[in-house]
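Text of final_0.csv (CSV, C-alpha atoms and all ligand atoms) as supplied:
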```csv
chain,number,residue,atom,x,y,z
A,64,MET,CA,-7.2,-25.2,-16.9
A,65,ILE,CA,-3.7,-26.6,-16.3
A,66,HIS,CA,-1.8,-25.3,-13.2
A,67,GLU,CA,1.8,-26.0,-12.4
A,68,ILE,CA,2.6,-26.6,-8.7
A,69,GLN,CA,5.6,-27.6,-6.6
A,70,ALA,CA,4.9,-30.7,-4.5
A,71,LYS,CA,6.7,-31.4,-1.2
A,72,VAL,CA,6.6,-35.2,-1.5
A,73,LEU,CA,5.9,-37.6,-4.3
A,74,LEU,CA,5.8,-41.1,-3.0
A,75,ALA,CA,3.2,-41.7,-0.3
A,76,HIS,CA,3.2,-44.8,1.9
A,77,VAL,CA,0.2,-46.9,1.5
A,78,HIS,CA,-1.5,-48.2,4.7
A,79,GLN,CA,-0.9,-51.9,5.0
A,80,PRO,CA,-2.4,-54.3,4.2
A,81,GLU,CA,-3.5,-52.8,0.9
A,82,PRO,CA,-5.9,-55.5,-0.4
A,83,TRP,CA,-6.4,-54.7,-4.1
A,84,PHE,CA,-3.0,-54.4,-5.6
A,85,GLY,CA,-0.4,-55.1,-2.8
A,86,LEU,CA,1.0,-51.6,-3.1
A,87,LYS,CA,3.7,-50.2,-0.8
A,88,TYR,CA,3.8,-46.7,-2.3
A,89,ASN,CA,1.5,-44.5,-4.2
A,90,MET,CA,2.5,-41.9,-6.8
A,91,ASN,CA,0.3,-39.2,-8.2
A,92,ILE,CA,2.1,-36.8,-10.6
A,93,TYR,CA,-1.2,-35.0,-11.5
A,94,ARG,CA,-4.1,-33.9,-9.4
A,95,GLY,CA,-7.5,-33.5,-11.1
A,96,CYS,CA,-8.0,-35.5,-14.3
A,97,GLN,CA,-8.7,-34.7,-17.9
A,98,HIS,CA,-10.6,-37.9,-18.5
A,99,GLN,CA,-13.5,-36.4,-16.6
A,100,CYS,CA,-15.4,-39.6,-15.9
A,101,ILE,CA,-18.9,-38.6,-14.8
A,102,TYR,CA,-18.8,-41.1,-11.9
A,103,CYS,CA,-15.3,-40.2,-10.6
A,104,ASP,CA,-15.0,-40.6,-6.8
A,105,SER,CA,-12.1,-38.1,-6.7
A,106,ARG,CA,-14.7,-35.3,-6.8
A,107,SER,CA,-15.8,-36.3,-3.2
A,108,GLU,CA,-15.1,-33.6,-0.6
A,109,CYS,CA,-12.8,-35.8,1.4
A,110,TYR,CA,-10.1,-35.5,-1.3
A,111,GLN,CA,-10.2,-31.7,-1.1
A,112,ILE,CA,-9.8,-31.1,-4.8
A,113,GLU,CA,-11.8,-27.9,-5.2
A,114,ASN,CA,-12.2,-27.9,-8.9
A,115,PHE,CA,-11.8,-31.3,-10.5
A,116,ASN,CA,-11.8,-29.7,-14.0
A,117,ASP,CA,-8.4,-28.1,-13.2
A,118,VAL,CA,-5.4,-30.3,-13.5
A,119,LEU,CA,-2.5,-29.6,-11.2
A,120,VAL,CA,0.9,-30.7,-12.6
A,121,LYS,CA,3.6,-31.5,-10.0
A,122,VAL,CA,6.4,-30.0,-12.1
A,123,ASN,CA,9.1,-31.0,-9.7
A,124,ALA,CA,7.9,-34.6,-9.6
A,125,ILE,CA,11.0,-36.1,-11.2
A,126,ASP,CA,13.4,-34.2,-8.9
A,127,LEU,CA,11.5,-35.4,-5.9
A,128,LEU,CA,11.5,-39.0,-7.1
A,129,ARG,CA,15.2,-38.9,-7.8
A,130,LYS,CA,15.7,-37.9,-4.2
A,131,GLU,CA,13.1,-40.2,-2.7
A,132,LEU,CA,13.8,-43.5,-4.4
A,133,PRO,CA,17.3,-44.1,-3.1
A,134,ARG,CA,16.0,-43.4,0.5
A,135,LYS,CA,13.4,-46.2,0.4
A,136,ARG,CA,14.6,-49.2,2.3
A,137,VAL,CA,11.8,-51.4,1.1
A,138,LYS,CA,11.5,-52.0,-2.6
A,139,GLY,CA,7.7,-52.4,-2.5
A,140,THR,CA,5.4,-51.9,-5.4
A,141,ILE,CA,4.8,-48.3,-6.6
A,142,GLY,CA,1.2,-47.8,-7.7
A,143,THR,CA,0.0,-44.9,-9.8
A,144,GLY,CA,-3.5,-44.1,-11.1
A,145,SER,CA,-5.7,-44.2,-8.1
A,146,MET,CA,-6.6,-40.5,-7.8
A,147,SER,CA,-5.7,-39.2,-11.3
A,148,ASP,CA,-4.8,-41.1,-14.5
A,149,PRO,CA,-1.0,-41.1,-15.1
A,150,TYR,CA,-1.6,-41.1,-18.8
A,151,LEU,CA,-3.7,-38.0,-19.3
A,152,PRO,CA,-3.7,-36.3,-22.7
A,153,LEU,CA,-1.2,-33.7,-21.3
A,154,GLU,CA,1.2,-36.5,-20.4
A,155,ALA,CA,1.8,-36.9,-24.2
A,156,GLN,CA,3.7,-33.6,-24.1
A,157,ARG,CA,4.9,-33.5,-20.5
A,158,ASN,CA,6.2,-37.0,-20.3
A,159,LEU,CA,6.5,-36.9,-16.5
A,160,THR,CA,5.1,-40.4,-16.0
A,161,GLY,CA,7.5,-41.6,-18.7
A,162,GLN,CA,10.5,-40.0,-16.9
A,163,ALA,CA,9.3,-41.4,-13.6
A,164,LEU,CA,9.3,-44.9,-15.0
A,165,GLU,CA,12.8,-44.5,-16.3
A,166,LEU,CA,13.9,-43.6,-12.7
A,167,ILE,CA,11.9,-46.5,-11.3
A,168,ALA,CA,13.6,-48.9,-13.7
A,169,ALA,CA,17.0,-47.6,-12.8
A,170,HIS,CA,16.3,-48.2,-9.1
A,171,GLN,CA,14.6,-51.6,-9.8
A,172,PHE,CA,11.3,-51.0,-8.1
A,173,PRO,CA,8.2,-52.9,-9.0
A,174,VAL,CA,5.3,-51.0,-10.5
A,175,HIS,CA,1.6,-51.2,-10.9
A,176,ILE,CA,-0.1,-48.8,-13.3
A,177,ILE,CA,-3.9,-48.2,-13.4
A,178,THR,CA,-5.0,-46.3,-16.5
A,179,LYS,CA,-7.7,-45.7,-19.0
A,180,SER,CA,-5.3,-44.7,-21.7
A,181,ASP,CA,-3.4,-46.5,-24.5
A,182,LEU,CA,-0.8,-43.8,-24.2
A,183,VAL,CA,0.9,-46.3,-21.8
A,184,LEU,CA,2.2,-48.1,-24.9
A,185,ARG,CA,4.6,-45.2,-25.4
A,186,ASP,CA,6.5,-46.5,-22.4
A,187,LEU,CA,6.4,-50.1,-23.4
A,188,ASP,CA,10.2,-50.4,-23.6
A,189,VAL,CA,10.8,-49.1,-20.1
A,190,LEU,CA,7.9,-51.2,-18.8
A,191,CYS,CA,9.7,-54.3,-20.2
A,192,GLN,CA,12.8,-53.2,-18.3
A,193,ILE,CA,10.8,-52.8,-15.1
A,194,ASN,CA,9.2,-56.1,-15.7
A,195,GLN,CA,12.6,-57.8,-15.0
A,196,VAL,CA,11.4,-57.1,-11.4
A,197,TYR,CA,7.7,-56.7,-11.8
A,198,ALA,CA,5.3,-54.5,-13.9
A,199,ALA,CA,1.6,-54.7,-14.1
A,200,VAL,CA,-0.8,-52.5,-16.0
A,201,THR,CA,-4.5,-52.6,-15.2
A,202,PHE,CA,-7.0,-50.9,-17.5
A,203,THR,CA,-10.3,-49.7,-16.1
A,204,ILE,CA,-13.1,-50.9,-18.3
A,205,THR,CA,-16.7,-50.5,-17.2
A,206,THR,CA,-18.3,-51.1,-20.7
A,207,VAL,CA,-16.9,-52.2,-24.1
A,208,ASP,CA,-19.4,-50.0,-25.9
A,209,ASP,CA,-17.3,-47.1,-27.2
A,210,SER,CA,-20.3,-44.8,-27.7
A,211,LEU,CA,-21.6,-45.4,-24.2
A,212,ALA,CA,-18.1,-44.8,-22.8
A,213,LYS,CA,-18.0,-41.5,-24.6
A,214,LYS,CA,-20.8,-40.3,-22.4
A,215,LEU,CA,-19.4,-41.8,-19.2
A,216,GLU,CA,-15.7,-41.2,-19.6
A,217,PRO,CA,-15.7,-38.3,-22.1
A,218,GLY,CA,-12.0,-37.4,-22.0
A,219,ALA,CA,-10.6,-41.0,-22.0
A,220,PRO,CA,-9.6,-43.1,-25.0
A,221,PRO,CA,-12.3,-45.6,-25.9
A,222,PRO,CA,-12.4,-49.1,-24.4
A,223,SER,CA,-11.5,-50.6,-27.8
A,224,ALA,CA,-8.2,-48.7,-27.6
A,225,ARG,CA,-7.6,-49.9,-24.1
A,226,LEU,CA,-8.2,-53.5,-25.2
A,227,ARG,CA,-5.7,-53.1,-28.0
A,228,ALA,CA,-3.1,-51.7,-25.6
A,229,MET,CA,-3.8,-54.7,-23.3
A,230,ARG,CA,-3.0,-57.1,-26.1
A,231,ALA,CA,0.3,-55.3,-26.9
A,232,LEU,CA,1.4,-55.4,-23.3
A,233,ALA,CA,0.4,-59.1,-22.9
A,234,GLU,CA,2.4,-60.0,-26.0
A,235,LYS,CA,5.4,-58.5,-24.3
A,236,GLY,CA,4.8,-60.7,-21.2
A,237,ILE,CA,3.6,-57.8,-19.0
A,238,LEU,CA,0.9,-58.8,-16.5
A,239,THR,CA,-2.2,-57.0,-17.5
A,240,GLY,CA,-5.9,-57.1,-16.6
A,241,VAL,CA,-9.0,-55.0,-15.8
A,242,THR,CA,-10.5,-53.1,-13.0
A,243,MET,CA,-14.2,-53.5,-13.8
A,244,MET,CA,-15.4,-50.7,-11.5
A,245,PRO,CA,-17.6,-49.0,-11.1
A,246,ILE,CA,-20.5,-50.8,-12.6
A,247,LEU,CA,-23.2,-48.2,-12.9
A,248,PRO,CA,-26.7,-49.2,-11.7
A,249,PHE,CA,-29.3,-49.1,-14.5
A,250,ILE,CA,-26.6,-48.4,-17.1
A,251,GLU,CA,-24.0,-51.1,-17.0
A,252,ASP,CA,-25.3,-53.7,-14.6
A,253,THR,CA,-26.5,-56.2,-17.2
A,254,GLN,CA,-25.4,-59.8,-17.8
A,255,GLU,CA,-24.6,-58.8,-21.4
A,256,ASN,CA,-22.2,-56.0,-20.4
A,257,ILE,CA,-20.4,-58.2,-17.9
A,258,THR,CA,-20.2,-61.1,-20.4
A,259,GLN,CA,-18.7,-58.8,-23.1
A,260,ILE,CA,-16.1,-57.3,-20.8
A,261,VAL,CA,-14.9,-60.8,-19.6
A,262,THR,CA,-14.9,-62.2,-23.1
A,263,LEU,CA,-13.0,-59.3,-24.8
A,264,ALA,CA,-10.6,-58.9,-21.9
A,265,LYS,CA,-9.7,-62.6,-22.2
A,266,GLU,CA,-9.2,-62.3,-25.9
A,267,ALA,CA,-6.9,-59.3,-25.3
A,268,GLY,CA,-4.6,-61.2,-23.0
A,269,ALA,CA,-5.9,-60.1,-19.6
A,270,SER,CA,-4.9,-62.3,-16.7
A,271,TYR,CA,-7.4,-61.0,-14.2
A,272,ILE,CA,-10.5,-58.8,-13.7
A,273,ILE,CA,-11.1,-57.1,-10.4
A,274,PRO,CA,-14.8,-56.3,-10.1
A,275,SER,CA,-17.0,-54.1,-8.1
A,276,PHE,CA,-20.7,-54.4,-8.7
A,277,GLY,CA,-22.0,-50.9,-8.0
A,278,MET,CA,-20.7,-47.4,-7.4
A,279,THR,CA,-20.0,-44.9,-4.6
A,280,LEU,CA,-22.2,-41.9,-4.4
A,281,ARG,CA,-21.3,-39.1,-2.0
A,282,ASP,CA,-21.6,-35.3,-1.7
A,283,ARG,CA,-19.9,-33.5,-4.7
A,284,GLN,CA,-19.4,-36.7,-6.6
A,285,ARG,CA,-23.2,-37.5,-6.4
A,286,GLU,CA,-24.2,-33.9,-7.4
A,287,TYR,CA,-22.0,-34.0,-10.5
A,288,TYR,CA,-23.1,-37.5,-11.5
A,289,TYR,CA,-26.8,-36.7,-11.1
A,290,ALA,CA,-26.3,-33.5,-13.3
A,291,LYS,CA,-24.7,-35.7,-16.0
A,292,LEU,CA,-27.5,-38.3,-15.7
A,293,ASP,CA,-30.0,-35.5,-16.4
A,294,GLU,CA,-27.9,-34.6,-19.5
A,295,HIS,CA,-27.4,-38.0,-21.0
A,296,PHE,CA,-30.0,-40.3,-19.4
A,297,PRO,CA,-33.1,-38.2,-18.7
A,298,GLY,CA,-35.3,-39.6,-16.0
A,299,LEU,CA,-32.6,-41.9,-14.4
A,300,ARG,CA,-31.9,-39.5,-11.6
A,301,LYS,CA,-35.3,-40.2,-10.1
A,302,GLU,CA,-34.6,-44.0,-10.2
A,303,TYR,CA,-31.4,-43.4,-8.3
A,304,GLU,CA,-32.9,-41.1,-5.7
A,305,HIS,CA,-35.8,-43.5,-5.1
A,306,ARG,CA,-33.6,-46.6,-4.9
A,307,PHE,CA,-30.4,-45.3,-3.1
A,308,GLY,CA,-31.5,-42.1,-1.2
A,309,SER,CA,-28.4,-40.9,0.6
A,310,GLN,CA,-26.6,-44.3,0.6
A,311,TYR,CA,-22.8,-44.2,0.2
A,312,PHE,CA,-22.7,-47.3,-2.0
A,313,ALA,CA,-25.2,-47.9,-4.8
A,314,PRO,CA,-25.1,-51.6,-5.6
A,315,ALA,CA,-25.8,-53.1,-9.1
A,316,ARG,CA,-29.3,-54.5,-9.7
A,317,ASP,CA,-29.6,-58.3,-9.3
A,318,LEU,CA,-26.1,-58.2,-7.7
A,319,PRO,CA,-26.0,-61.9,-6.6
A,320,GLN,CA,-26.9,-63.2,-10.1
A,321,LEU,CA,-24.5,-60.7,-11.8
A,322,GLU,CA,-21.7,-61.7,-9.5
A,323,THR,CA,-22.3,-65.4,-9.9
A,324,ARG,CA,-22.4,-65.0,-13.7
A,325,PHE,CA,-19.1,-63.1,-13.6
A,326,ARG,CA,-17.3,-65.6,-11.4
A,327,ASN,CA,-18.5,-68.6,-13.4
A,328,LEU,CA,-17.5,-67.0,-16.6
A,329,CYS,CA,-14.1,-66.0,-15.3
A,330,GLN,CA,-13.6,-69.6,-14.1
A,331,GLU,CA,-14.7,-71.0,-17.5
A,332,VAL,CA,-12.2,-68.8,-19.5
A,333,GLY,CA,-9.4,-69.0,-16.9
A,334,LEU,CA,-9.3,-65.4,-15.6
A,335,ARG,CA,-8.4,-64.6,-12.0
A,336,THR,CA,-10.8,-62.3,-10.1
A,337,ALA,CA,-7.9,-60.8,-8.1
A,338,ILE,CA,-4.5,-59.6,-9.1
A,339,PRO,CA,-1.7,-62.1,-8.3
A,340,GLN,CA,0.2,-60.7,-5.3
A,341,PHE,CA,3.9,-60.2,-5.5
A,342,THR,CA,6.7,-60.0,-3.0
A,343,LEU,CA,10.4,-59.6,-3.4
A,344,GLN,CA,12.4,-62.1,-1.5
A,345,LYS,CA,15.8,-61.4,-0.1
A,346,ASN,CA,17.4,-63.1,-3.0
A,347,GLN,CA,15.4,-60.8,-5.3
A,348,GLN,CA,13.5,-63.7,-6.9
A,349,LEU,CA,10.0,-62.8,-8.0
A,350,ARG,CA,7.2,-64.6,-6.4
A,351,LEU,CA,3.6,-64.5,-7.5
A,352,PHE,CA,0.8,-66.0,-5.4
B,401,LIG,S1,-9.7,-41.7,-15.1
B,401,LIG,FE1,-10.0,-42.2,-13.0
B,401,LIG,S2,-9.2,-40.3,-11.9
B,401,LIG,FE2,-9.6,-39.7,-14.0
B,401,LIG,S3,-11.7,-38.9,-14.1
B,401,LIG,FE3,-11.8,-41.1,-14.6
B,401,LIG,S4,-12.2,-42.2,-12.7
B,401,LIG,FE4,-11.4,-40.1,-12.2
```
How does this structure look as structure tokens?
Ligand code: SF4
Amino acid sequence: MIHEIQAKVLLAHVHQPEPWFGLKYNMNIYRGCQHQCIYCDSRSECYQIENFNDVLVKVNAIDLLRKELPRKRVKGTIGTGSMSDPYLPLEAQRNLTGQALELIAAHQFPVHIITKSDLVLRDLDVLCQINQVYAAVTFTITTVDDSLAKKLEPGAPPPSARLRAMRALAEKGILTGVTMMPILPFIEDTQENITQIVTLAKEAGASYIIPSFGMTLRDRQREYYYAKLDEHFPGLRKEYEHRFGSQYFAPARDLPQLETRFRNLCQEVGLRTAIPQFTLQKNQQLRLF
């Protein structure tokens, strides 16, 4: 179900320091997510989203952003995509993320988008404009196997489409890469999977891969995930229960070897394992570290 809501604020300050992406502000135009990944952490009780199948659309998002952007004294990076994907299927009609990017471009703020959708290419022109300051697009890829991804991320475009989108962005000079997280124990924690992701991301023009070797498991998120394991991977729930009990973090099997393989491979092909951080100097020159 889609519900329209009026939000009070759109840009949230990110607690500093924010280690992954160097964000200053976070923007979520949607709450809930049509991509319906079976492992999604946003189902956890702490996020207070009662029914994650419902998507709430902040219909006044653009009005809010128009008011909020000129009031921000620090032109820090605006991130979007941490709690819901900014390129849900319904964004194709609503175009709220697209309009938000137009405003962001006009106000010359840097942007970092995290998505699982190639719909981001619709906004390629405005991203190129934002990139005169700084634009980065990170695709979450946990497997390159489209049929496996259909079970794990049933509402999202396949990884092959994400890799094609990455190539198109890289060709336009936009910084792009991968969040390789979560890596699901017993399903994705193989040397073969990690090797394929690194190899294909590199071929697609990625500059970095940010990994996490394992997954979170808590309250409602765990319940939903285990129900989906029963549906798609019969018998696997038992392995999880036996191995992880009520642990919050479920690490990948053979984690040290997997991580070593990943880091060696990234070094071999020339991929960073963190996103280059970015700051705006007083003279507005871009600096990447
Ligand atoms: S795309 Fe992200 S926010 Fe949406 S369901 Fe998947 S993990 Fe959750």
Using only C-alpha atoms, which of A:Lys213, A:His76, A:His170, A:Lys135 sits nearest Gln195 in chain A?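 Under the stated criterion, the closest residue is A:His170.
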Dump as a tab-separated table the rows for residues of chain A within 6 Å of ligand LIG 401 (chain B): closest atom pair and distance in Å with one decimal, only C-alpha atoms and all ligand atoms counted, ordered by chain and rising residue number.
```
residue	atom	partner	partner_atom	distance
A:Cys96	CA	B:LIG401	FE2	4.5
A:His98	CA	B:LIG401	S3	4.6
A:Gln99	CA	B:LIG401	S3	4.0
A:Cys100	CA	B:LIG401	FE3	4.1
A:Cys103	CA	B:LIG401	FE4	4.2
A:Ser105	CA	B:LIG401	FE4	5.9
A:Met146	CA	B:LIG401	S2	4.9
A:Ser147	CA	B:LIG401	S2	3.7
A:Asp148	CA	B:LIG401	S1	5.0
A:Lys179	CA	B:LIG401	S1	5.9
```
Å distance separating CA of Leu226 in chain A from CA of Gly142 in chain A, one decimal place: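 Here the two named atoms are 20.7 Å from each other.
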Interatomic distance between CA of Met90 in chain A and CA of Gln162 in chain A? 13.0 Å
Distance CA of Asn327 in chain A-CA of Glu266 in chain A, one decimal place?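 Straight-line distance from CA of Asn327 in chain A to CA of Glu266 in chain A works out to 16.8 Å.
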So that I can see what lies close to Arg129 in chain A, please list as a ChimeraX atom specification the residues with an atom at most 10 Å from it, counting all atoms listed in the file and leaving out residues fewer than 3 positions away in the same chain. /A:124-126,132-134,163,166-167,170
Using only C-alpha atoms, please write the residues we just selected to a file, as an mmCIF file, in the coordinates of the input.
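Wrote it out as selection28.cif, contents follow:
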```cif
data_model
loop_
_atom_site.group_PDB
_atom_site.id
_atom_site.type_symbol
_atom_site.label_atom_id
_atom_site.label_comp_id
_atom_site.auth_asym_id
_atom_site.auth_seq_id
_atom_site.Cartn_x
_atom_site.Cartn_y
_atom_site.Cartn_z
ATOM 1 C CA ALA A 124 7.900 -34.600 -9.600
ATOM 2 C CA ILE A 125 11.000 -36.100 -11.200
ATOM 3 C CA ASP A 126 13.400 -34.200 -8.900
ATOM 4 C CA LEU A 132 13.800 -43.500 -4.400
ATOM 5 C CA PRO A 133 17.300 -44.100 -3.100
ATOM 6 C CA ARG A 134 16.000 -43.400 0.500
ATOM 7 C CA ALA A 163 9.300 -41.400 -13.600
ATOM 8 C CA LEU A 166 13.900 -43.600 -12.700
ATOM 9 C CA ILE A 167 11.900 -46.500 -11.300
ATOM 10 C CA HIS A 170 16.300 -48.200 -9.100
#
```
Using all atoms listed in the file, which of A:Leu73, A:Ala290, A:Ala269, A:Ala313 sits nearest Gly333 in chain A?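 Counting all atoms listed in the file, the residue closest to Gly333 in chain A is A:Ala269.
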Using only C-alpha atoms, pick whichever of A:Lys138, A:Thr143, A:Ser107, A:Gly161 has the shortest atom-to-atom distance to Val196 in chain A.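 Of A:Lys138, A:Thr143, A:Ser107, A:Gly161, the one nearest Val196 in chain A, counting only C-alpha atoms, is A:Lys138.
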Pick from A:Ala233, A:Met278, A:Leu238, A:Ile250: nearest to His175 in chain A, with all atoms listed in the file counted?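 When distances to His175 in chain A are compared using all atoms listed in the file, the smallest one comes from A:Leu238.
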Pick from A:Ser309, A:Asn194, A:Ser275, A:Ser180: nearest to Arg225 in chain A, with all atoms listed in the file counted?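 Using all atoms listed in the file, the shortest distance to Arg225 in chain A belongs to A:Ser180.
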Need to verify the contact set: range 215-218 of chain A, 12 Å, only C-alpha atoms, exclusion of same-chain residues closer than 6 positions in sequence. Can you return it as an mmCIF file with C-alpha atoms, in the frame of the given file?
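Saved file out.cif follows:
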```cif
data_model
loop_
_atom_site.group_PDB
_atom_site.id
_atom_site.type_symbol
_atom_site.label_atom_id
_atom_site.label_comp_id
_atom_site.auth_asym_id
_atom_site.auth_seq_id
_atom_site.Cartn_x
_atom_site.Cartn_y
_atom_site.Cartn_z
ATOM 1 C CA CYS A 96 -8.000 -35.500 -14.300
ATOM 2 C CA GLN A 97 -8.700 -34.700 -17.900
ATOM 3 C CA HIS A 98 -10.600 -37.900 -18.500
ATOM 4 C CA GLN A 99 -13.500 -36.400 -16.600
ATOM 5 C CA CYS A 100 -15.400 -39.600 -15.900
ATOM 6 C CA ILE A 101 -18.900 -38.600 -14.800
ATOM 7 C CA TYR A 102 -18.800 -41.100 -11.900
ATOM 8 C CA CYS A 103 -15.300 -40.200 -10.600
ATOM 9 C CA ASN A 116 -11.800 -29.700 -14.000
ATOM 10 C CA ASP A 148 -4.800 -41.100 -14.500
ATOM 11 C CA TYR A 150 -1.600 -41.100 -18.800
ATOM 12 C CA LEU A 151 -3.700 -38.000 -19.300
ATOM 13 C CA PRO A 152 -3.700 -36.300 -22.700
ATOM 14 C CA LEU A 153 -1.200 -33.700 -21.300
ATOM 15 C CA LYS A 179 -7.700 -45.700 -19.000
ATOM 16 C CA SER A 180 -5.300 -44.700 -21.700
ATOM 17 C CA THR A 203 -10.300 -49.700 -16.100
ATOM 18 C CA ILE A 204 -13.100 -50.900 -18.300
ATOM 19 C CA THR A 205 -16.700 -50.500 -17.200
ATOM 20 C CA THR A 206 -18.300 -51.100 -20.700
ATOM 21 C CA VAL A 207 -16.900 -52.200 -24.100
ATOM 22 C CA ASP A 208 -19.400 -50.000 -25.900
ATOM 23 C CA ASP A 209 -17.300 -47.100 -27.200
ATOM 24 C CA PRO A 245 -17.600 -49.000 -11.100
ATOM 25 C CA ILE A 246 -20.500 -50.800 -12.600
ATOM 26 C CA LEU A 247 -23.200 -48.200 -12.900
ATOM 27 C CA ILE A 250 -26.600 -48.400 -17.100
ATOM 28 C CA GLU A 251 -24.000 -51.100 -17.000
ATOM 29 C CA TYR A 287 -22.000 -34.000 -10.500
ATOM 30 C CA TYR A 288 -23.100 -37.500 -11.500
ATOM 31 C CA LYS A 291 -24.700 -35.700 -16.000
ATOM 32 C CA LEU A 292 -27.500 -38.300 -15.700
ATOM 33 C CA GLU A 294 -27.900 -34.600 -19.500
ATOM 34 C CA HIS A 295 -27.400 -38.000 -21.000
ATOM 35 C CA PHE A 296 -30.000 -40.300 -19.400
#
```
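Once Gln69 in chain A and its same-chain neighbours fewer than 4 positions away are set aside, Lys121, Val122 and Asn123 of chain A remain within 7 Å of it when counting all atoms listed in the file.
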Given the choices A:Arg306, A:Lys214, A:Arg227, A:Lys301, which gets closest to Asp181 in chain A if the distance is worked out from only C-alpha atoms?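 Of the candidates, the smallest distance to Asp181 in chain A is held by A:Arg227.
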